[in-house]
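**Q** The following block contains the structure, expressed as structure tokens.
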Amino acid sequence: MGAALGKGSPGALRQVPLVAVAHGSRDPRAAATVRALLERVRQARPGLEVREAYLDHCAPALPEALHGLDEAVVLPLLLTEAYHSRVDLPSALAEIRARTGRPRVHYGTTLGPHPLMVRALERRLAEAGVERGEDTAVVLVSAGSSDPRANAVIASMARRWPGWWAVSAAYASAAGPTPAEAVALLRAAGAPRVAVAPYLLAPGFFADKVRRSALEAGADVVAGVLGPAPELAEVVLERYAQAVREPVAV
């Protein structure tokens, strides 16, 4: 997983600059969370140039973040493969290359799915006072997507998350059940306690909507978003290393 800290380290990765691209939000908490996550990455990998970029709503946009670079790893700070990672980002990169002829891009995969994501979710639940146990049902909530493959990833994560009374998938938009519906179903099924685990990178509209609706529906606890969890910084560095060695075709 380690990148080279200089030349002369046989078989090690070169220190190609990292441009991490998040969705972006009008809520300033979202960009602050991305910066906190990337600061963890910098601390873990001194000497690696790390830049942030956003698809929408805030700066810098991708062309600004790539300016002056001859080579870069472009990594989607997205939690599932969907339209933004499959279409938006590759199209933006193609446009930049057509206009400027640079940089050489190593395109990376999204952060999820990844086994460390469950550890990060459990970290946030524990911080909210919820330890894994058979007396608690969990609602795993993602933003939701018009791409059924992305929603299927969340459903699969829920099915494979052991140690709870039950785990149900829910979606804040574009698919069902909603968080409120999932909470109500678990309550009707007799769950002794219901906790909600947002599979969201940063605070913002969706996180606020999930918290409000889940609590109104009877959830006992709503954990915090993933944010700058150390597990996410580790995943970022792993995806970076993979992209340097074997970039995704775009």
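Scheme for the structure tokens: letters A, B, ... for chains in order shown; per-chain residue numbers from 1; ligand numbers from 1 in order shown.
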Looking only at the backbone, which of the residues in region 72-229 of chain A does DSSP tag as alpha helix (DSSP H), as an NGL selection string?
**A** :A and (83 or 89-100 or 115-127 or 148-159 or 179-188 or 205-216)
**Q** Pick out the residues sitting within 9 Å of Lys209 (chain A), and hand them over as a list in words; count only C-alpha atoms, and ignore anything fewer than 5 positions along from it in its own chain.
**A** Ala172, Gly204 and Ala214 of chain A
**Q** Got time to write the residues from that selection, all heavy atoms, as a JSON list (two decimals), in the first residue's frame?
**A**
```json
[["chain", "number", "residue", "atom", "x", "y", "z"],
["A", 172, "ALA", "N", -31.65, 7.48, 1.13],
["A", 172, "ALA", "CA", -32.16, 8.82, 1.38],
["A", 172, "ALA", "C", -32.87, 9.41, 0.18],
["A", 172, "ALA", "O", -33.65, 10.36, 0.32],
["A", 172, "ALA", "CB", -31.02, 9.74, 1.81],
["A", 204, "GLY", "N", -24.52, 17.39, 5.68],
["A", 204, "GLY", "CA", -25.17, 18.15, 4.62],
["A", 204, "GLY", "C", -26.65, 17.81, 4.56],
["A", 204, "GLY", "O", -27.23, 17.28, 5.53],
["A", 214, "ALA", "N", -35.39, 9.61, 10.57],
["A", 214, "ALA", "CA", -35.21, 8.37, 11.32],
["A", 214, "ALA", "C", -35.65, 8.52, 12.77],
["A", 214, "ALA", "O", -36.31, 7.64, 13.33],
["A", 214, "ALA", "CB", -33.75, 7.92, 11.24]]
```
**Q** With a distance cut-off of 8 Å and only C-alpha atoms, select the neighbouring residues of Ala223 (chain A), excluding the residue or stretch itself and same-chain residues fewer than 4 positions from it, and output the selection as a list in words.
**A**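 Selected residues are Arg124, Leu125, Glu127, Ala128, Ala195, Val196, Ala197 and Pro198 of chain A.
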**Q** Go ahead and compute the interatomic distance for CA of Arg86 (chain A) and CA of Ser145 (chain A), in Å to one decimal.
**A**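 Atom-to-atom, CA of Arg86 (chain A) to CA of Ser145 (chain A), that is 12.7 Å.
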